[in-house]
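Report on one structure; see the data block that follows.
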Amino acid sequence: MERLSDLVDLYEYRVEDLAQGRVPKGGKRALLELRTLLVQVRLPGPLAKRFRQADARFRALRGGKAGGEPTPLDLPTLLPEEPAPSEEAQGQEALRLLAFRVWRLFAAREVKARARDLLVGRREELRLIHAFLQNYLEYQEKEGFERDYNLSRFAPTYPIPPLSESLMDLEDPKVAEALLLEYLETAFRIPQDLPLPPEETKSYVRRFLNRLLDWEEAYGLPPKRDLLALRRALEEARHLGASEKEIARLEERLRKEAQEERRRELLLEEEKRRFRVAGEKVLALLNLLPTPQGETPWPEMPPPREVRENLATLRLAPGRIQLGPLVLTLSQVEGTWHLGLFGEDHLLEETLVLPWEDLEVWAVREGELLHLRLETRSSLRLYELLSEGRVLTLLLSPKKDYAYLRLLRALSSRLKGEFRPEAFGPHLAEKYRLAPKEALLDFARKGLELTQRRLGGNDPEPFLRELGRALDLEGEAHTLAEALRGFLGRRSPTRETLGGEVHFLSLSPEPLSLKVGNTVLFLRLRDDGAYVGQAGEVARRLRDLLVYPLPEGALVLAREGKRLAYLVTETP
C-alpha cells in the first residue's frame, strides 16, 4: 500500500512537470511506463481516485498538443471507476487474513521449539538470518529492486554479525524466536514486494543467501594482504643492490605476511563451509511457510456462520457458542467485544489465546468476522517453570547460611570481574532470613536470570569450583554446578528430566485442597492471581511460580492461567 502511494505521488509529480513545460524526470518514456504500470495495478479506492485525476490532466495536456506525434504506448483514455468490492469478495479477503493469523500462531509455536535447537554453538543460523534481514530491507528501498529477480545488481552491505554482537543478544531465546518469526514473515511477503510467483520464494532466498555468502567481507575477517606489493619491493631492492640485511628483512616480512594470508584463506574457507551448512538449515525453515511458498497446509477455515466440533467462523453477535466441550460467550460492552470462558471475560482483539487444561482456545478476529478453534496445548511453559523452580529450591535453602544463594551471587560477580570473597560471607544470611518470602523468591529469580545471561554457553563448573574453594563451600558449589548445568541445558525439560512426578490441575474461584505428605494446602483463584496456604496462616500469592517449603522437602508450583502443575523436591 505504501509503495503504491509512492508511485502515484511520482506520477502526479511527473504530470505537474509536464504541465509546467518541464521535461519529466526520466523523460516522457518513463512517464508513460509508470502510467502503464499504474493502469495494470488494482489500486485501492483513494489511490485510484488520485490516479484518475492526475491521468485526466495528463490526457488533457496530451490532447492539447497541435501536431503532436502519437505516443508509442497509447492507452485507453477511459479508466472505469473502481468497482465496489462485493460482500463475497470482502468475506474471502477476511477469511484469508484470518487464515494468515492462525498460521502465524502455529508458526510462533513451532519457532519456539526450533529456536532452542539453534541456540547452541556459534549460532551461525541466527547470525545469517540477521544479516539476510538487514540486507534485504536495505536493498528493498533501492531503485531497481522490483525488477532484479536474479539479484544481479545486488551488492551486500551488512556483514554477518559476530557472535558477541552487543546490539543483539543471541543467547536470549525470546530474541531468537522473534528473529525467526520476522524471517518467516519477511519471506512470506516477498511475492508481494516483487512480482514473483509464490513458488519461487525459496529460490529467491537461496540466491540472496548465496550472494551474501560469496561476499568475503561478510565474515568479519581482516582485509586481504597485498603480497604483490611486497614482492615488487623485494625485487626492486635486489635490482638496486640493497644490503643483505635489508633484503633479509623484506624476505622475512614477505614470509610472515604470506603465512598470515594463508591462515586467513584457511579461516575464510572454514567460515564459508560452516555458513553454507547453516544456509541450508535457514532455507529449510521456509518449509514452515504456508503452501505454495512452503510445505505447511493453510489452516482449515469454515465459511462464515458454520460451527463445527472444534472450529467455528461466525459474525460477531452477543450470545453463547458451543465449541467442543466448552461453552464460550460473546459480549459487547461500550463498543468493545469480549470473549468469556468459565465466567471470566477477555478482551477480544486481533488474536487471543486462552489456555484450558490440555487445550487452548484460539480466537482471531477480522472486522466483524471471528474464527474460533480448539488446539492441543503444549505443557512446555509449565515444565520450564518447574525446571526453574527446582533450582530455586536450592537457592532458597537456608543450609549453611544460604550457601547456594551466596554462591550464585558470587558467580554473577565473578563473571562480571568484580568478585571479592569477603562480600559473600555468612553475614548475608541474616538479611535473607529477614526478607519476606515473596521478595526473596523474586531476588533469587532475578539473580538466576542475570547469571544465566552472563554465563552464556559456558560451563558453570570451573567457576563454581574456584568460588567454592574461596568461600569454603566446595561440596555446595559442585551441587549448584550440577543443578545449573541441567537447568541451562538447551534441551526442553520433560517429565523425566524434572526428576519427579509432575501433577496437573485446574484452578477455580472455589477453594481446592492439595494433600502433599502430611500437609494439606488450599488453593484459590482470585482476580489478582492465585493463592496458596495452609489453614490458619496467611496465604501466599502464586503468580507463575512458587516454592513452598514442606517438612519433607519443597513444593514447586507453576501456573499458567488456570492451569497448575506441581512437583515435590527434596530439600538439599
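Labeling convention for the C-alpha cells: chains A, B, ... as they appear, residues from 1 per chain, ligands from 1 in order of appearance.
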- request: From a DSSP pass on the backbone, collect the residues of region 136-315 of chain A flagged as helix (DSSP H, G or I) and hand them back as a VMD selection string.
  value: chain A and resid 136 to 140 145 to 147 173 to 193 198 to 213 216 to 219 227 to 239 244 to 288
message: List as number ranges by chain the protein and nucleic acid residues near Ala444 (chain A), meaning an atom at most 10 Å away when only C-alpha atoms are counted, but skip any in the same chain fewer than 2 places from it.
response: A: 391-393, 395-396, 405, 408-409, 438-442, 446-450
Dump of N, CA and C atoms for the selected residues, as a JSON list (two decimals), in the first residue's frame:
[["chain", "number", "residue", "atom", "x", "y", "z"],
["A", 391, "VAL", "N", 15.76, -25.37, 40.68],
["A", 391, "VAL", "CA", 16.99, -24.64, 41.01],
["A", 391, "VAL", "C", 16.72, -23.66, 42.15],
["A", 392, "LEU", "N", 15.56, -23.01, 42.12],
["A", 392, "LEU", "CA", 15.22, -22.06, 43.18],
["A", 392, "LEU", "C", 15.09, -22.75, 44.53],
["A", 393, "THR", "N", 14.70, -24.02, 44.54],
["A", 393, "THR", "CA", 14.64, -24.78, 45.80],
["A", 393, "THR", "C", 16.02, -24.82, 46.46],
["A", 395, "LEU", "N", 18.48, -22.56, 45.84],
["A", 395, "LEU", "CA", 18.89, -21.20, 46.18],
["A", 395, "LEU", "C", 18.21, -20.69, 47.45],
["A", 396, "LEU", "N", 16.99, -21.14, 47.71],
["A", 396, "LEU", "CA", 16.24, -20.66, 48.88],
["A", 396, "LEU", "C", 16.48, -21.51, 50.12],
["A", 405, "LEU", "N", 22.57, -19.55, 47.54],
["A", 405, "LEU", "CA", 22.26, -18.21, 47.08],
["A", 405, "LEU", "C", 23.51, -17.33, 47.10],
["A", 408, "LEU", "N", 25.59, -18.29, 44.11],
["A", 408, "LEU", "CA", 25.05, -17.77, 42.85],
["A", 408, "LEU", "C", 25.42, -16.30, 42.68],
["A", 409, "ARG", "N", 25.30, -15.53, 43.75],
["A", 409, "ARG", "CA", 25.66, -14.12, 43.67],
["A", 409, "ARG", "C", 27.16, -13.95, 43.42],
["A", 438, "GLU", "N", 8.20, -13.75, 49.52],
["A", 438, "GLU", "CA", 7.96, -13.39, 48.11],
["A", 438, "GLU", "C", 9.12, -12.55, 47.57],
["A", 439, "ALA", "N", 9.64, -11.62, 48.40],
["A", 439, "ALA", "CA", 10.74, -10.77, 47.95],
["A", 439, "ALA", "C", 12.01, -11.59, 47.75],
["A", 440, "LEU", "N", 12.24, -12.56, 48.63],
["A", 440, "LEU", "CA", 13.44, -13.39, 48.50],
["A", 440, "LEU", "C", 13.34, -14.27, 47.24],
["A", 441, "LEU", "N", 12.13, -14.77, 46.96],
["A", 441, "LEU", "CA", 11.93, -15.56, 45.75],
["A", 441, "LEU", "C", 12.21, -14.72, 44.51],
["A", 442, "ASP", "N", 11.68, -13.49, 44.47],
["A", 442, "ASP", "CA", 11.93, -12.62, 43.32],
["A", 442, "ASP", "C", 13.42, -12.29, 43.19],
["A", 446, "LYS", "N", 15.69, -13.21, 39.87],
["A", 446, "LYS", "CA", 16.43, -12.20, 39.11],
["A", 446, "LYS", "C", 17.92, -12.52, 39.08],
["A", 447, "GLY", "N", 18.45, -13.01, 40.21],
["A", 447, "GLY", "CA", 19.85, -13.39, 40.25],
["A", 447, "GLY", "C", 20.14, -14.55, 39.30],
["A", 448, "LEU", "N", 19.22, -15.50, 39.23],
["A", 448, "LEU", "CA", 19.39, -16.64, 38.33],
["A", 448, "LEU", "C", 19.36, -16.18, 36.87],
["A", 449, "GLU", "N", 18.44, -15.29, 36.56],
["A", 449, "GLU", "CA", 18.34, -14.78, 35.18],
["A", 449, "GLU", "C", 19.60, -14.01, 34.79],
["A", 450, "LEU", "N", 20.11, -13.16, 35.69],
["A", 450, "LEU", "CA", 21.30, -12.38, 35.41],
["A", 450, "LEU", "C", 22.52, -13.28, 35.22]]
task: Tell me, as an MDAnalysis selection string, which residues lie within 9 Å of Ala410 (chain A), counting only C-alpha atoms; anything in the same chain fewer than 6 positions away does not count.
output: chainID A and resid 418:421 423:424 464 467
Take the selection from the previous step and output its residues with N, CA, C and O atoms, as an mmCIF file, in the first residue's frame.
data_model
loop_
_atom_site.group_PDB
_atom_site.id
_atom_site.type_symbol
_atom_site.label_atom_id
_atom_site.label_comp_id
_atom_site.auth_asym_id
_atom_site.auth_seq_id
_atom_site.Cartn_x
_atom_site.Cartn_y
_atom_site.Cartn_z
ATOM 1 N N GLU A 418 34.156 -8.779 39.260
ATOM 2 C CA GLU A 418 34.171 -7.972 40.478
ATOM 3 C C GLU A 418 34.076 -8.823 41.743
ATOM 4 O O GLU A 418 33.513 -8.402 42.747
ATOM 5 N N PHE A 419 34.607 -10.036 41.732
ATOM 6 C CA PHE A 419 34.448 -10.938 42.865
ATOM 7 C C PHE A 419 35.428 -10.611 43.987
ATOM 8 O O PHE A 419 36.629 -10.475 43.760
ATOM 9 N N ARG A 420 34.882 -10.461 45.211
ATOM 10 C CA ARG A 420 35.673 -10.322 46.431
ATOM 11 C C ARG A 420 35.083 -11.290 47.465
ATOM 12 O O ARG A 420 33.906 -11.164 47.828
ATOM 13 N N PRO A 421 35.835 -12.276 47.946
ATOM 14 C CA PRO A 421 35.277 -13.302 48.836
ATOM 15 C C PRO A 421 34.584 -12.726 50.063
ATOM 16 O O PRO A 421 33.531 -13.238 50.482
ATOM 17 N N ALA A 423 32.784 -10.266 50.414
ATOM 18 C CA ALA A 423 31.460 -9.681 50.148
ATOM 19 C C ALA A 423 30.357 -10.728 50.140
ATOM 20 O O ALA A 423 29.172 -10.372 50.113
ATOM 21 N N PHE A 424 30.715 -12.019 50.184
ATOM 22 C CA PHE A 424 29.701 -13.071 50.071
ATOM 23 C C PHE A 424 29.791 -14.056 51.236
ATOM 24 O O PHE A 424 29.533 -15.241 51.090
ATOM 25 N N LEU A 464 32.465 -22.213 39.576
ATOM 26 C CA LEU A 464 31.959 -22.535 40.906
ATOM 27 C C LEU A 464 32.981 -23.326 41.717
ATOM 28 O O LEU A 464 33.018 -23.217 42.952
ATOM 29 N N LEU A 467 35.080 -20.656 43.161
ATOM 30 C CA LEU A 467 34.363 -19.918 44.199
ATOM 31 C C LEU A 467 34.148 -20.770 45.439
ATOM 32 O O LEU A 467 34.169 -20.271 46.571
#
field: One-decimal distance in Å that lies between CA of Leu542 (chain A) and CA of Ala530 (chain A)
entry: 5.1 Å
Per-residue nearest contacts of region 166-198 of chain A to region 97-117 of chain A (10 Å; only C-alpha atoms) as CSV:
residue,atom,partner,partner_atom,distance
A:Asp172,CA,A:Ala115,CA,9.9
A:Pro173,CA,A:Ala115,CA,6.7
A:Lys174,CA,A:Lys112,CA,8.3
A:Val175,CA,A:Ala115,CA,9.3
A:Ala176,CA,A:Ala115,CA,5.9
A:Glu177,CA,A:Ala115,CA,5.7
A:Ala178,CA,A:Val111,CA,8.6
A:Leu179,CA,A:Ala115,CA,9.2
A:Leu180,CA,A:Val111,CA,6.6
A:Leu181,CA,A:Ala108,CA,6.7
A:Leu184,CA,A:Ala107,CA,8.5
A:Glu185,CA,A:Arg104,CA,8.6
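CA of Pro24 (chain A) to CA of Leu47 (chain A) spans 21.0 Å [interatomic distance, one decimal].
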message: Report as a PyMOL selection string all protein, DNA and RNA residues lying within 9 Å of Ala155 (chain A), evaluated on only C-alpha atoms, omitting residues in the same chain fewer than 4 positions from it.
response: chain A and resi 135+139+151+211-212+215
query: Which residues come within 9 Å of Ile247 (chain A), counting only C-alpha atoms, excluding same-chain residues fewer than 4 positions away, as number ranges by chain?
result: A: 234, 237-238, 242-243, 251-252
task: Based on DSSP run over this structure's backbone, return all residues of region 304-431 of chain A in strand (DSSP E), as a PyMOL selection string.
output: chain A and resi 306-307+311-315+319-323+326-333+336-341+344-347+351-356+359-366+369-376
query: Counting only C-alpha atoms, what is within 9 Å of Tyr548 (chain A), bar same-chain residues fewer than 4 positions away, as number ranges by chain?
result: A: 393, 532-533, 540, 553-557
Atoms kept (C-alpha atoms) for selection, written as a CSV table (one decimal), in the first residue's frame:
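The result, written out as result_14.csv:
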chain,number,residue,atom,x,y,z
A,393,THR,CA,14.6,-24.8,45.8
A,532,VAL,CA,-1.8,-21.0,48.3
A,533,GLY,CA,-1.7,-21.6,52.0
A,540,ARG,CA,1.0,-16.8,49.7
A,553,GLY,CA,11.1,-31.1,51.1
A,554,ALA,CA,9.7,-28.3,49.0
A,555,LEU,CA,6.6,-28.0,46.8
A,556,VAL,CA,7.2,-26.3,43.4
A,557,LEU,CA,4.1,-24.9,41.9
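Here CA of Ala30 (chain A) stands at a distance of 27.4 Å from CA of Tyr204 (chain A).
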- request: Tell me which protein, DNA and RNA residues are within 8 Å of region 286-294 of chain A, counting only C-alpha atoms, leaving out same-chain ones fewer than 5 positions away, and put them as a list in words.
  value: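 Everything that qualifies: Trp103, Ala107, Leu184, Ala187, Phe188, Pro198, Glu199, Glu200, Thr201 and Lys202 of chain A.
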- request: Check the smallest atom-to-atom distance from each of A:Pro318, A:Gly536, A:Gly456, A:Gly389 to Leu415 (chain A) using only C-alpha atoms, then report the winner.
  value: A:Gly456
So that each row is one residue of region 219-326 of chain A with an atom at most 7 Å from region 118-134 of chain A, can you give its shortest atom pair and the distance in Å to one decimal, using only C-alpha atoms, rows by chain and rising number, as a Markdown table?
| residue | atom | partner | partner_atom | distance |
| --- | --- | --- | --- | --- |
| A:Phe275 | CA | A:Glu124 | CA | 6.2 |
| A:Ala278 | CA | A:Glu125 | CA | 5.1 |
| A:Gly279 | CA | A:Glu125 | CA | 6.8 |
| A:Val282 | CA | A:Glu125 | CA | 6.1 |
message: Could you check the closest approach to Lys399 (chain A) for each of A:Ala363, A:Asn210, A:Thr571, A:Pro551 and tell me which residue wins, using only C-alpha atoms?
response: A:Thr571
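Nearest-residue note for Leu514 (chain A): choosing from A:Leu194, A:Leu545, A:Leu339, A:Ala565, the minimum distance belongs to A:Ala565, counting only C-alpha atoms.
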